[in-house]
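J.: To be precise about what I am sending: the file is called entry26.txt and holds compact mmCIF, C-alpha atoms (C1' of nucleotides).
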```
# COMPACT_ATOMS: atom_id res chain seq x y z
CA MET A 23 0.70 -10.18 7.42
CA PRO A 24 2.43 -13.06 5.76
CA ARG A 25 3.27 -12.10 2.23
CA ARG A 26 4.71 -15.15 0.54
CA THR A 27 4.06 -13.96 -2.96
CA ASP A 28 6.77 -11.69 -4.22
CA LEU A 29 5.76 -9.34 -6.99
CA SER A 30 9.12 -7.78 -7.75
CA ASP A 31 9.83 -10.20 -10.57
CA THR A 32 6.53 -9.98 -12.39
CA TYR A 33 6.51 -8.32 -15.78
CA CYS A 34 3.57 -6.20 -14.72
CA PRO A 35 4.68 -2.65 -13.89
CA VAL A 36 1.80 -2.08 -11.50
CA GLY A 37 2.80 -5.23 -9.67
CA ARG A 38 6.37 -4.01 -9.32
CA SER A 39 5.25 -0.63 -8.01
CA ALA A 40 2.77 -2.30 -5.69
CA GLU A 41 5.60 -4.22 -4.08
CA LEU A 42 6.94 -0.92 -2.76
CA VAL A 43 3.99 1.44 -2.72
CA GLY A 44 1.25 -1.03 -1.81
CA ASP A 45 2.07 -0.48 1.83
CA ARG A 46 0.53 2.11 4.09
CA ALA A 47 3.68 2.72 6.09
CA VAL A 48 5.82 3.34 3.00
CA LEU A 49 3.27 5.80 1.67
CA LEU A 50 3.16 7.76 4.91
CA ILE A 51 6.94 7.95 5.04
CA LEU A 52 7.08 9.10 1.42
CA ARG A 53 4.48 11.76 2.13
CA ASP A 54 6.65 13.15 4.88
CA LEU A 55 9.80 12.93 2.78
CA PHE A 56 8.09 15.04 0.11
CA PHE A 57 7.25 17.59 2.80
CA GLY A 58 10.92 17.79 3.70
CA VAL A 59 11.03 15.54 6.74
CA ARG A 60 14.32 13.66 7.08
CA ARG A 61 14.68 12.33 10.63
CA PHE A 62 13.58 9.14 12.29
CA GLU A 63 11.85 10.72 15.24
CA ALA A 64 10.01 13.18 13.04
CA PHE A 65 8.69 10.35 10.87
CA GLN A 66 7.56 8.58 13.99
CA ALA A 67 5.72 11.62 15.29
CA ASN A 68 4.05 12.49 12.00
CA THR A 69 3.13 9.04 10.77
CA GLY A 70 2.25 7.44 14.10
CA LEU A 71 4.25 4.38 13.11
CA GLY A 72 6.05 2.36 15.75
CA PRO A 73 9.85 2.36 15.72
CA GLN A 74 10.28 -1.05 14.23
CA ILE A 75 8.01 -0.88 11.25
CA LEU A 76 9.53 2.53 10.62
CA ALA A 77 13.07 1.15 10.85
CA ASP A 78 12.09 -1.83 8.72
CA ARG A 79 10.48 0.29 6.00
CA LEU A 80 13.34 2.76 5.87
CA LYS A 81 15.71 -0.17 5.38
CA ARG A 82 13.50 -1.57 2.67
CA MET A 83 13.33 1.80 0.94
CA GLU A 84 17.08 2.12 1.15
CA ARG A 85 17.51 -1.37 -0.31
CA GLU A 86 15.16 -0.41 -3.15
CA GLY A 87 17.19 2.70 -3.76
CA VAL A 88 14.48 5.26 -3.12
CA VAL A 89 16.11 6.77 -0.03
CA GLU A 90 19.70 7.34 1.06
CA ARG A 91 20.96 7.44 4.60
CA LYS A 92 23.31 10.37 5.15
CA ALA A 93 25.20 11.16 8.34
CA TYR A 94 24.48 14.71 9.42
CA GLN A 95 26.81 14.56 12.45
CA GLN A 96 29.57 12.46 13.98
CA ARG A 97 29.92 11.70 17.71
CA PRO A 98 27.44 10.32 18.01
CA VAL A 99 26.75 9.33 14.43
CA ARG A 100 23.27 10.42 13.42
CA HIS A 101 21.60 9.88 10.10
CA GLU A 102 19.00 11.53 7.95
CA TYR A 103 16.99 10.02 5.12
CA TRP A 104 17.02 11.68 1.73
CA LEU A 105 15.10 10.84 -1.41
CA THR A 106 17.16 9.62 -4.36
CA ASP A 107 16.19 10.41 -7.96
CA LYS A 108 14.35 7.11 -8.06
CA GLY A 109 12.55 8.17 -4.90
CA LYS A 110 11.74 11.66 -6.15
CA ALA A 111 10.16 10.08 -9.21
CA LEU A 112 7.53 8.58 -6.93
CA PHE A 113 6.10 12.06 -6.52
CA ASP A 114 3.66 11.58 -9.39
CA ILE A 115 2.09 8.64 -7.58
CA LEU A 116 1.68 10.56 -4.32
CA TYR A 117 0.36 13.56 -6.21
CA ALA A 118 -2.20 11.40 -8.00
CA MET A 119 -3.24 10.00 -4.61
CA ARG A 120 -3.64 13.49 -3.24
CA ASN A 121 -5.68 14.56 -6.25
CA TRP A 122 -7.98 11.58 -5.99
CA ALA A 123 -8.59 12.07 -2.29
CA GLU A 124 -9.18 15.82 -2.55
CA ARG A 125 -11.85 15.10 -5.13
CA TRP A 126 -13.40 11.91 -3.76
CA ALA A 127 -12.49 11.20 -0.15
CA TYR A 128 -13.92 14.15 1.76
CA SER A 129 -17.59 14.45 2.64
CA PRO A 130 -19.30 17.61 1.32
CA GLY A 131 -19.61 19.62 4.53
CA GLU A 132 -16.60 18.20 6.32
CA THR A 133 -15.49 20.38 9.22
CA GLY A 134 -12.50 22.51 8.49
CA TYR A 135 -12.22 21.32 4.94
CA ASP A 136 -12.63 24.32 2.68
CA GLY A 137 -11.00 24.21 -0.71
CA HIS A 138 -8.19 21.65 -0.39
CA ALA A 139 -6.30 20.03 2.47
CA VAL A 140 -3.02 20.69 0.67
CA ARG A 141 -2.69 23.53 -1.80
CA TYR A 142 -0.14 23.35 -4.59
CA THR A 143 1.23 26.33 -6.44
CA HIS A 144 3.41 26.39 -9.53
CA ARG A 145 6.80 27.71 -8.40
CA LYS A 146 7.53 29.26 -11.78
CA CYS A 147 4.39 31.32 -12.31
CA GLY A 148 2.81 31.28 -8.86
CA ALA A 149 -0.54 29.91 -10.01
CA ASP A 150 -2.67 27.76 -7.74
CA VAL A 151 -2.81 24.56 -9.78
CA GLY A 152 -5.81 23.02 -8.06
CA LEU A 153 -5.91 19.33 -8.91
CA ALA A 154 -4.20 19.68 -12.26
CA THR A 155 -1.12 17.95 -13.67
CA VAL A 156 -0.64 20.75 -16.18
CA CYS A 157 -0.45 24.34 -15.00
CA PRO A 158 -3.76 26.09 -15.75
CA GLU A 159 -1.92 29.38 -16.16
CA CYS A 160 1.18 28.66 -18.19
CA GLY A 161 0.52 25.16 -19.50
CA ASP A 162 3.68 23.53 -18.13
CA ILE A 163 3.60 19.86 -17.20
CA LEU A 164 3.92 19.65 -13.43
CA GLY A 165 6.22 17.32 -11.57
CA TYR A 166 8.32 17.18 -8.43
CA GLY A 167 10.31 20.39 -8.13
CA ASP A 168 7.77 22.44 -10.03
CA LEU A 169 5.27 22.43 -7.22
CA LYS A 170 5.18 23.94 -3.78
CA GLY A 171 2.77 22.31 -1.35
CA GLU A 172 1.19 24.10 1.57
CA MET A 173 -0.91 22.41 4.20
CA SER A 174 -4.19 23.95 5.24
CA PRO A 175 -4.58 25.19 8.85
CA VAL A 176 -6.61 22.14 9.95
CA LEU A 177 -3.99 19.78 8.61
CA ILE A 178 -1.19 21.70 10.33
CA ALA A 179 -3.18 21.63 13.57
CA GLU A 180 -3.69 17.88 13.24
CA ARG A 181 0.01 17.24 12.72
CA GLU A 182 0.98 19.44 15.65
CA ALA A 183 -1.50 17.71 17.90
CA ARG A 184 -0.07 14.34 16.93
CA ALA A 185 3.51 15.48 17.36
CA SER A 186 2.95 16.76 20.87
CA ALA A 187 1.16 13.58 21.97
CA MET B 1 -1.31 -7.40 10.15
CA PRO B 2 -3.05 -5.60 12.90
CA ARG B 3 -3.93 -2.16 11.72
CA ARG B 4 -5.31 -0.31 14.70
CA THR B 5 -4.67 3.11 13.29
CA ASP B 6 -7.40 4.20 10.95
CA LEU B 7 -6.38 6.83 8.45
CA SER B 8 -9.73 7.51 6.88
CA ASP B 9 -10.45 10.43 9.18
CA THR B 10 -7.13 12.24 8.87
CA TYR B 11 -7.12 15.55 7.05
CA CYS B 12 -4.19 14.40 4.96
CA PRO B 13 -5.30 13.41 1.46
CA VAL B 14 -2.41 11.00 1.00
CA GLY B 15 -3.43 9.32 4.25
CA ARG B 16 -6.98 8.90 3.02
CA SER B 17 -5.86 7.44 -0.28
CA ALA B 18 -3.39 5.21 1.49
CA GLU B 19 -6.21 3.68 3.49
CA LEU B 20 -7.56 2.22 0.25
CA VAL B 21 -4.62 2.06 -2.10
CA GLY B 22 -1.87 1.28 0.42
CA ASP B 23 -2.66 -2.38 -0.01
CA ARG B 24 -1.13 -4.77 -2.49
CA ALA B 25 -4.28 -6.78 -3.00
CA VAL B 26 -6.43 -3.73 -3.76
CA LEU B 27 -3.88 -2.52 -6.28
CA LEU B 28 -3.76 -5.84 -8.08
CA ILE B 29 -7.56 -5.98 -8.27
CA LEU B 30 -7.68 -2.43 -9.58
CA ARG B 31 -5.09 -3.24 -12.21
CA ASP B 32 -7.26 -6.05 -13.48
CA LEU B 33 -10.40 -3.95 -13.35
CA PHE B 34 -8.72 -1.38 -15.56
CA PHE B 35 -7.86 -4.17 -18.01
CA GLY B 36 -11.53 -5.06 -18.15
CA VAL B 37 -11.63 -8.02 -15.79
CA ARG B 38 -14.92 -8.27 -13.89
CA ARG B 39 -15.27 -11.76 -12.40
CA PHE B 40 -14.19 -13.28 -9.14
CA GLU B 41 -12.45 -16.29 -10.60
CA ALA B 42 -10.61 -14.21 -13.15
CA PHE B 43 -9.28 -11.91 -10.41
CA GLN B 44 -8.15 -14.94 -8.51
CA ALA B 45 -6.31 -16.39 -11.48
CA ASN B 46 -4.64 -13.13 -12.50
CA THR B 47 -3.72 -11.76 -9.11
CA GLY B 48 -2.83 -14.99 -7.36
CA LEU B 49 -4.85 -13.88 -4.35
CA GLY B 50 -6.64 -16.43 -2.23
CA PRO B 51 -10.44 -16.42 -2.25
CA GLN B 52 -10.86 -14.77 1.11
CA ILE B 53 -8.62 -11.80 0.81
CA LEU B 54 -10.12 -11.32 -2.62
CA ALA B 55 -13.66 -11.48 -1.22
CA ASP B 56 -12.67 -9.22 1.67
CA ARG B 57 -11.07 -6.60 -0.57
CA LEU B 58 -13.93 -6.59 -3.04
CA LYS B 59 -16.31 -5.97 -0.13
CA ARG B 60 -14.09 -3.18 1.13
CA MET B 61 -13.93 -1.61 -2.29
CA GLU B 62 -17.69 -1.86 -2.61
CA ARG B 63 -18.12 -0.23 0.80
CA GLU B 64 -15.77 2.56 -0.27
CA GLY B 65 -17.80 3.04 -3.41
CA VAL B 66 -15.08 2.27 -5.93
CA VAL B 67 -16.71 -0.88 -7.32
CA GLU B 68 -20.29 -2.00 -7.81
CA ARG B 69 -21.56 -5.54 -7.78
CA LYS B 70 -23.91 -6.22 -10.66
CA ALA B 71 -25.78 -9.44 -11.32
CA TYR B 72 -25.08 -10.66 -14.81
CA GLN B 73 -27.40 -13.68 -14.53
CA GLN B 74 -30.16 -15.11 -12.34
CA ARG B 75 -30.52 -18.80 -11.43
CA PRO B 76 -28.04 -19.08 -10.07
CA VAL B 77 -27.32 -15.44 -9.24
CA ARG B 78 -23.83 -14.48 -10.36
CA HIS B 79 -22.17 -11.15 -9.96
CA GLU B 80 -19.59 -9.04 -11.72
CA TYR B 81 -17.58 -6.17 -10.33
CA TRP B 82 -17.63 -2.84 -12.12
CA LEU B 83 -15.71 0.32 -11.42
CA THR B 84 -17.79 3.31 -10.37
CA ASP B 85 -16.82 6.87 -11.30
CA LYS B 86 -14.97 7.13 -8.00
CA GLY B 87 -13.17 3.94 -8.93
CA LYS B 88 -12.37 5.02 -12.48
CA ALA B 89 -10.79 8.16 -11.02
CA LEU B 90 -8.15 5.93 -9.42
CA PHE B 91 -6.71 5.38 -12.89
CA ASP B 92 -4.30 8.27 -12.54
CA ILE B 93 -2.72 6.59 -9.51
CA LEU B 94 -2.30 3.27 -11.29
CA TYR B 95 -0.99 5.01 -14.39
CA ALA B 96 1.57 6.89 -12.30
CA MET B 97 2.62 3.58 -10.75
CA ARG B 98 3.00 2.05 -14.20
CA ASN B 99 5.04 5.01 -15.39
CA TRP B 100 7.34 4.89 -12.41
CA ALA B 101 7.97 1.17 -12.73
CA GLU B 102 8.56 1.26 -16.48
CA ARG B 103 11.23 3.86 -15.88
CA TRP B 104 12.78 2.64 -12.62
CA ALA B 105 11.85 -0.93 -11.77
CA TYR B 106 13.30 -2.98 -14.62
CA SER B 107 16.97 -3.84 -14.89
CA PRO B 108 18.69 -2.68 -18.10
CA GLY B 109 18.99 -5.98 -19.94
CA GLU B 110 15.99 -7.70 -18.45
CA THR B 111 14.88 -10.70 -20.48
CA GLY B 112 11.88 -10.07 -22.63
CA TYR B 113 11.60 -6.47 -21.60
CA ASP B 114 12.01 -4.38 -24.71
CA GLY B 115 10.35 -0.99 -24.77
CA HIS B 116 7.58 -1.18 -22.21
CA ALA B 117 5.68 -3.95 -20.47
CA VAL B 118 2.41 -2.17 -21.20
CA ARG B 119 2.06 0.16 -24.16
CA TYR B 120 -0.49 2.95 -24.10
CA THR B 121 -1.85 4.67 -27.16
CA HIS B 122 -4.03 7.75 -27.35
CA ARG B 123 -7.43 6.57 -28.62
CA LYS B 124 -8.15 9.86 -30.33
CA CYS B 125 -5.01 10.30 -32.40
CA GLY B 126 -3.43 6.87 -32.20
CA ALA B 127 -0.08 8.08 -30.88
CA ASP B 128 2.05 5.90 -28.62
CA VAL B 129 2.18 8.09 -25.53
CA GLY B 130 5.20 6.44 -23.92
CA LEU B 131 5.28 7.46 -20.27
CA ALA B 132 3.58 10.79 -20.77
CA THR B 133 0.51 12.25 -19.10
CA VAL B 134 0.01 14.63 -22.02
CA CYS B 135 -0.18 13.30 -25.56
CA PRO B 136 3.13 13.97 -27.33
CA GLU B 137 1.30 14.22 -30.64
CA CYS B 138 -1.82 16.29 -30.02
CA GLY B 139 -1.13 17.75 -26.58
CA ASP B 140 -4.29 16.45 -24.88
CA ILE B 141 -4.21 15.70 -21.17
CA LEU B 142 -4.54 11.95 -20.80
CA GLY B 143 -6.84 10.18 -18.38
CA TYR B 144 -8.95 7.07 -18.10
CA GLY B 145 -10.93 6.62 -21.31
CA ASP B 146 -8.40 8.43 -23.44
CA LEU B 147 -5.90 5.63 -23.31
CA LYS B 148 -5.80 2.13 -24.66
CA GLY B 149 -3.39 -0.21 -22.92
CA GLU B 150 -1.80 -3.24 -24.57
CA MET B 151 0.29 -5.79 -22.77
CA SER B 152 3.57 -6.89 -24.25
CA PRO B 153 3.96 -10.55 -25.34
CA VAL B 154 6.00 -11.51 -22.23
CA LEU B 155 3.37 -10.06 -19.93
CA ILE B 156 0.58 -11.87 -21.77
CA ALA B 157 2.56 -15.09 -21.55
CA GLU B 158 3.09 -14.61 -17.82
CA ARG B 159 -0.61 -14.04 -17.21
CA GLU B 160 -1.58 -17.08 -19.28
CA ALA B 161 0.91 -19.25 -17.46
CA ARG B 162 -0.52 -18.11 -14.13
CA ALA B 163 -4.12 -18.62 -15.27
CA SER B 164 -3.54 -22.18 -16.39
CA ALA B 165 -1.80 -23.17 -13.15
C1' DA C 28 -27.37 -39.31 -10.70
C1' DT C 29 -22.99 -37.46 -11.68
C1' DA C 30 -20.11 -33.84 -13.27
C1' DG C 31 -19.35 -29.07 -13.95
C1' DT C 32 -19.38 -23.96 -13.03
C1' DA C 33 -18.99 -19.63 -10.35
C1' DA C 34 -18.65 -17.37 -6.16
C1' DC C 35 -17.67 -17.70 -2.21
C1' DT C 36 -17.05 -19.40 3.32
C1' DA C 37 -14.48 -22.19 6.98
C1' DT C 38 -10.35 -23.75 9.32
C1' DG C 39 -5.85 -23.81 11.13
C1' DA C 40 -0.86 -22.54 10.70
C1' DT C 41 2.26 -18.78 9.93
C1' DA C 42 3.96 -14.33 9.87
C1' DA C 43 3.50 -9.49 10.33
C1' DA C 44 1.98 -5.45 13.14
C1' DC C 45 1.38 -3.03 17.45
C1' DA C 46 2.45 -1.41 22.17
C1' DT C 47 5.71 -1.03 25.37
C1' DA C 48 10.15 -1.17 27.20
C1' DG C 49 14.95 -1.01 26.76
C1' DT C 50 19.72 -0.07 24.63
C1' DA C 51 23.75 2.62 22.50
C1' DA C 52 26.45 6.52 22.14
C1' DC C 53 27.28 10.43 23.16
C1' DA C 54 26.60 16.03 25.15
C1' DA C 55 25.55 19.12 28.79
C1' DG C 56 24.68 20.60 33.38
C1' DC C 57 25.42 20.23 38.29
C1' DG D 18 31.50 11.84 37.80
C1' DC D 19 26.66 11.25 38.00
C1' DT D 20 22.28 12.28 36.40
C1' DT D 21 19.43 14.01 32.67
C1' DG D 22 18.57 14.56 27.79
C1' DT D 23 18.81 13.50 22.80
C1' DT D 24 18.47 10.59 18.70
C1' DA D 25 18.09 6.37 16.55
C1' DC D 26 17.07 2.50 16.98
C1' DT D 27 16.48 -3.03 18.89
C1' DA D 28 13.92 -6.58 21.82
C1' DT D 29 9.81 -8.90 23.55
C1' DG D 30 5.29 -10.65 23.62
C1' DT D 31 0.36 -10.20 22.31
C1' DT D 32 -2.87 -9.40 18.69
C1' DT D 33 -4.39 -9.84 14.14
C1' DA D 34 -4.05 -10.46 9.18
C1' DT D 35 -2.66 -13.63 5.58
C1' DC D 36 -2.04 -17.98 3.21
C1' DA D 37 -3.07 -22.66 1.78
C1' DT D 38 -6.35 -25.97 1.52
C1' DA D 39 -10.76 -27.78 1.75
C1' DG D 40 -15.64 -27.34 1.69
C1' DT D 41 -20.30 -25.14 0.62
C1' DT D 42 -24.18 -23.19 -2.13
C1' DA D 43 -27.01 -23.09 -5.95
C1' DC D 44 -27.69 -24.18 -9.81
C1' DT D 45 -27.16 -26.27 -15.27
C1' DA D 46 -26.04 -29.85 -18.41
C1' DT D 47 -25.55 -34.64 -19.72
```
Let me see the file written as structure tokens.
T.:
Amino acid sequence: MPRRTDLSDTYCPVGRSAELVGDRAVLLILRDLFFGVRRFEAFQANTGLGPQILADRLKRMEREGVVERKAYQQRPVRHEYWLTDKGKALFDILYAMRNWAERWAYSPGETGYDGHAVRYTHRKCGADVGLATVCPECGDILGYGDLKGEMSPVLIAEREARASA
Amino acid sequence: MPRRTDLSDTYCPVGRSAELVGDRAVLLILRDLFFGVRRFEAFQANTGLGPQILADRLKRMEREGVVERKAYQQRPVRHEYWLTDKGKALFDILYAMRNWAERWAYSPGETGYDGHAVRYTHRKCGADVGLATVCPECGDILGYGDLKGEMSPVLIAEREARASA
DNA sequence: ATAGTAACTATGATAAACATAGTAACAAGC
DNA sequence: GCTTGTTACTATGTTTATCATAGTTACTAT
């Protein structure tokens, strides 16, 4: 889609974020990055994105400073994509998206959806945090690094089915 | 852009949110809705979107149940767009986007940017909450309704300039 | 009868996305 | 030393969304 209007110079902070995060492909890549995925082919398998939008978005994200390309082997040179601090800080946005969807985007008796699609536990105290941003057990404010995410069986099955296709 | 892949039936919560929120236009409309804007022409002026993507997105958002069209006058019938509860719950995502951008998306000496582009205060205790999700003064968890947002002078000027053009 | 207001719809050019195929640079096996 | 495999992409052409601009509907006010 032609996007002539550039929002990266607006004074509105939501506009500036939207320039990066207002894009399905970027969000799917970020999701995978937060689950520990680092390689091109894995992103392709998990997100279902074609190689060029994937390549294009990874370049964009690198230009914006949210990911870094790191060589993990020479001969032949192969790269992995790692989140920078600026990238890791995007966690709160993804987490808010997850929380919203878990609460509002699943129909009541949806098949295979019991509890939550992704369960987060507080690394420090082990508590299941539900949809909270503050640990219900110890009261800590929760951010990237504090939380451990685990996919539910249906979600794992879905990802495996996609990866093998 | 052709978007053949539909994410609304994935089990991944980020995927489901991305289907709605992974779109620049939707984000800009939501931003305005959270600032109290309700009318078509005002959205157009503030977001810079053309009338058809605006109309298309508002329909999509209505279909998704995040906004409601309400007639504010008869003869001729005119409508306003109001956030539903499901829509209001999206605040956390927008707030996370604002927080990320205020911290990471402005260059150090950027003209006119002193402090924050949008300042939020806790309605209950009056404290400036900065970039927090928990009130630094009284410790309350902050969500939609608890916060009052105020645009900085540069941002107001930018919006007025856009509206008059 | 003309001008104004608010919320759109219609039209055509442009640019982005998708599917599919192909390339580069090697390693490993036969 | 030739084929197969691996990983990370690039190239090509069709499909589809977006943008800019203009026009429409249904009225009120002067």
J.: Quick one: chain B onto chain A, least squares on all Cα paired in order, result as a tab-separated table (two decimals) with C-alpha atoms, in the coordinates of the input?
T.:
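The resulting selection.tsv:
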```tsv
chain	number	residue	atom	x	y	z
B	1	MET	CA	0.71	-10.38	7.31
B	2	PRO	CA	2.45	-13.21	5.63
B	3	ARG	CA	3.32	-12.19	2.14
B	4	ARG	CA	4.70	-15.25	0.43
B	5	THR	CA	4.06	-14.00	-3.05
B	6	ASP	CA	6.79	-11.71	-4.25
B	7	LEU	CA	5.77	-9.33	-6.99
B	8	SER	CA	9.11	-7.79	-7.75
B	9	ASP	CA	9.83	-10.22	-10.56
B	10	THR	CA	6.51	-10.00	-12.38
B	11	TYR	CA	6.50	-8.33	-15.77
B	12	CYS	CA	3.57	-6.19	-14.71
B	13	PRO	CA	4.68	-2.65	-13.88
B	14	VAL	CA	1.79	-2.08	-11.49
B	15	GLY	CA	2.81	-5.25	-9.67
B	16	ARG	CA	6.36	-4.00	-9.31
B	17	SER	CA	5.24	-0.64	-8.00
B	18	ALA	CA	2.78	-2.30	-5.69
B	19	GLU	CA	5.60	-4.23	-4.07
B	20	LEU	CA	6.95	-0.93	-2.76
B	21	VAL	CA	4.01	1.42	-2.70
B	22	GLY	CA	1.26	-1.06	-1.81
B	23	ASP	CA	2.05	-0.46	1.83
B	24	ARG	CA	0.52	2.12	4.10
B	25	ALA	CA	3.68	2.73	6.09
B	26	VAL	CA	5.82	3.35	3.00
B	27	LEU	CA	3.27	5.81	1.68
B	28	LEU	CA	3.15	7.76	4.92
B	29	ILE	CA	6.95	7.95	5.04
B	30	LEU	CA	7.07	9.10	1.44
B	31	ARG	CA	4.48	11.77	2.13
B	32	ASP	CA	6.65	13.16	4.88
B	33	LEU	CA	9.79	12.94	2.78
B	34	PHE	CA	8.11	15.03	0.12
B	35	PHE	CA	7.25	17.60	2.79
B	36	GLY	CA	10.92	17.78	3.67
B	37	VAL	CA	11.02	15.56	6.74
B	38	ARG	CA	14.31	13.67	7.07
B	39	ARG	CA	14.67	12.34	10.62
B	40	PHE	CA	13.59	9.16	12.29
B	41	GLU	CA	11.85	10.75	15.23
B	42	ALA	CA	10.01	13.20	13.04
B	43	PHE	CA	8.68	10.36	10.87
B	44	GLN	CA	7.55	8.60	13.98
B	45	ALA	CA	5.71	11.63	15.30
B	46	ASN	CA	4.04	12.50	12.00
B	47	THR	CA	3.12	9.06	10.78
B	48	GLY	CA	2.23	7.45	14.09
B	49	LEU	CA	4.25	4.40	13.12
B	50	GLY	CA	6.04	2.40	15.76
B	51	PRO	CA	9.84	2.42	15.74
B	52	GLN	CA	10.26	-1.02	14.25
B	53	ILE	CA	8.02	-0.85	11.27
B	54	LEU	CA	9.52	2.55	10.63
B	55	ALA	CA	13.06	1.16	10.85
B	56	ASP	CA	12.07	-1.83	8.73
B	57	ARG	CA	10.47	0.29	6.01
B	58	LEU	CA	13.33	2.76	5.89
B	59	LYS	CA	15.71	-0.18	5.40
B	60	ARG	CA	13.48	-1.56	2.67
B	61	MET	CA	13.32	1.78	0.94
B	62	GLU	CA	17.08	2.11	1.18
B	63	ARG	CA	17.51	-1.37	-0.30
B	64	GLU	CA	15.16	-0.42	-3.13
B	65	GLY	CA	17.19	2.69	-3.76
B	66	VAL	CA	14.47	5.24	-3.10
B	67	VAL	CA	16.10	6.78	-0.02
B	68	GLU	CA	19.68	7.32	1.08
B	69	ARG	CA	20.95	7.45	4.61
B	70	LYS	CA	23.30	10.36	5.16
B	71	ALA	CA	25.18	11.16	8.34
B	72	TYR	CA	24.48	14.70	9.41
B	73	GLN	CA	26.80	14.56	12.43
B	74	GLN	CA	29.56	12.44	13.96
B	75	ARG	CA	29.92	11.70	17.69
B	76	PRO	CA	27.45	10.35	18.03
B	77	VAL	CA	26.72	9.36	14.43
B	78	ARG	CA	23.23	10.43	13.43
B	79	HIS	CA	21.57	9.88	10.12
B	80	GLU	CA	18.99	11.54	7.93
B	81	TYR	CA	16.97	10.02	5.13
B	82	TRP	CA	17.02	11.66	1.72
B	83	LEU	CA	15.10	10.82	-1.40
B	84	THR	CA	17.17	9.63	-4.34
B	85	ASP	CA	16.20	10.40	-7.94
B	86	LYS	CA	14.35	7.09	-8.05
B	87	GLY	CA	12.55	8.16	-4.90
B	88	LYS	CA	11.75	11.66	-6.14
B	89	ALA	CA	10.17	10.06	-9.21
B	90	LEU	CA	7.53	8.56	-6.91
B	91	PHE	CA	6.09	12.05	-6.51
B	92	ASP	CA	3.68	11.57	-9.38
B	93	ILE	CA	2.10	8.62	-7.56
B	94	LEU	CA	1.68	10.55	-4.33
B	95	TYR	CA	0.37	13.57	-6.21
B	96	ALA	CA	-2.19	11.39	-7.99
B	97	MET	CA	-3.24	10.00	-4.61
B	98	ARG	CA	-3.62	13.51	-3.24
B	99	ASN	CA	-5.66	14.57	-6.25
B	100	TRP	CA	-7.96	11.59	-5.99
B	101	ALA	CA	-8.58	12.08	-2.29
B	102	GLU	CA	-9.18	15.82	-2.55
B	103	ARG	CA	-11.85	15.11	-5.11
B	104	TRP	CA	-13.40	11.90	-3.74
B	105	ALA	CA	-12.46	11.22	-0.14
B	106	TYR	CA	-13.91	14.16	1.78
B	107	SER	CA	-17.58	14.47	2.63
B	108	PRO	CA	-19.30	17.62	1.33
B	109	GLY	CA	-19.60	19.61	4.54
B	110	GLU	CA	-16.60	18.20	6.32
B	111	THR	CA	-15.48	20.36	9.23
B	112	GLY	CA	-12.49	22.48	8.50
B	113	TYR	CA	-12.21	21.29	4.95
B	114	ASP	CA	-12.62	24.30	2.72
B	115	GLY	CA	-10.97	24.21	-0.67
B	116	HIS	CA	-8.19	21.66	-0.37
B	117	ALA	CA	-6.29	20.05	2.47
B	118	VAL	CA	-3.02	20.70	0.66
B	119	ARG	CA	-2.68	23.55	-1.80
B	120	TYR	CA	-0.13	23.36	-4.59
B	121	THR	CA	1.23	26.34	-6.45
B	122	HIS	CA	3.41	26.39	-9.54
B	123	ARG	CA	6.81	27.71	-8.42
B	124	LYS	CA	7.52	29.27	-11.78
B	125	CYS	CA	4.38	31.32	-12.31
B	126	GLY	CA	2.81	31.27	-8.88
B	127	ALA	CA	-0.55	29.90	-10.02
B	128	ASP	CA	-2.67	27.74	-7.74
B	129	VAL	CA	-2.80	24.56	-9.79
B	130	GLY	CA	-5.82	23.02	-8.06
B	131	LEU	CA	-5.90	19.33	-8.91
B	132	ALA	CA	-4.21	19.68	-12.27
B	133	THR	CA	-1.14	17.94	-13.65
B	134	VAL	CA	-0.64	20.75	-16.16
B	135	CYS	CA	-0.45	24.35	-14.99
B	136	PRO	CA	-3.76	26.09	-15.74
B	137	GLU	CA	-1.93	29.38	-16.14
B	138	CYS	CA	1.19	28.67	-18.19
B	139	GLY	CA	0.50	25.17	-19.49
B	140	ASP	CA	3.66	23.53	-18.11
B	141	ILE	CA	3.58	19.86	-17.20
B	142	LEU	CA	3.91	19.66	-13.43
B	143	GLY	CA	6.22	17.32	-11.56
B	144	TYR	CA	8.33	17.18	-8.44
B	145	GLY	CA	10.31	20.41	-8.14
B	146	ASP	CA	7.78	22.45	-10.04
B	147	LEU	CA	5.28	22.45	-7.24
B	148	LYS	CA	5.18	23.96	-3.80
B	149	GLY	CA	2.77	22.33	-1.38
B	150	GLU	CA	1.19	24.11	1.57
B	151	MET	CA	-0.90	22.43	4.20
B	152	SER	CA	-4.18	23.96	5.24
B	153	PRO	CA	-4.57	25.21	8.85
B	154	VAL	CA	-6.60	22.15	9.95
B	155	LEU	CA	-3.98	19.79	8.60
B	156	ILE	CA	-1.18	21.71	10.32
B	157	ALA	CA	-3.16	21.63	13.55
B	158	GLU	CA	-3.69	17.88	13.24
B	159	ARG	CA	0.01	17.25	12.70
B	160	GLU	CA	0.98	19.46	15.64
B	161	ALA	CA	-1.51	17.74	17.89
B	162	ARG	CA	-0.08	14.36	16.90
B	163	ALA	CA	3.52	15.52	17.36
B	164	SER	CA	2.95	16.80	20.86
B	165	ALA	CA	1.21	13.61	22.00
```
J.: May I ask which of the residues A:Val99, A:Leu29, A:Leu80, A:Leu71 is the closest one to DA52 of chain C, counting only C-alpha atoms (C1' of nucleotides)?
T.: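 Nearest candidate to DA52 of chain C out of A:Val99, A:Leu29, A:Leu80, A:Leu71: A:Val99.
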J.: As an exercise, work out the distance from atom CA of Lys88 of chain B to atom CA of Tyr144 of chain B in Å and give it to one decimal place.
T.: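 These atoms are spaced 6.9 Å apart.
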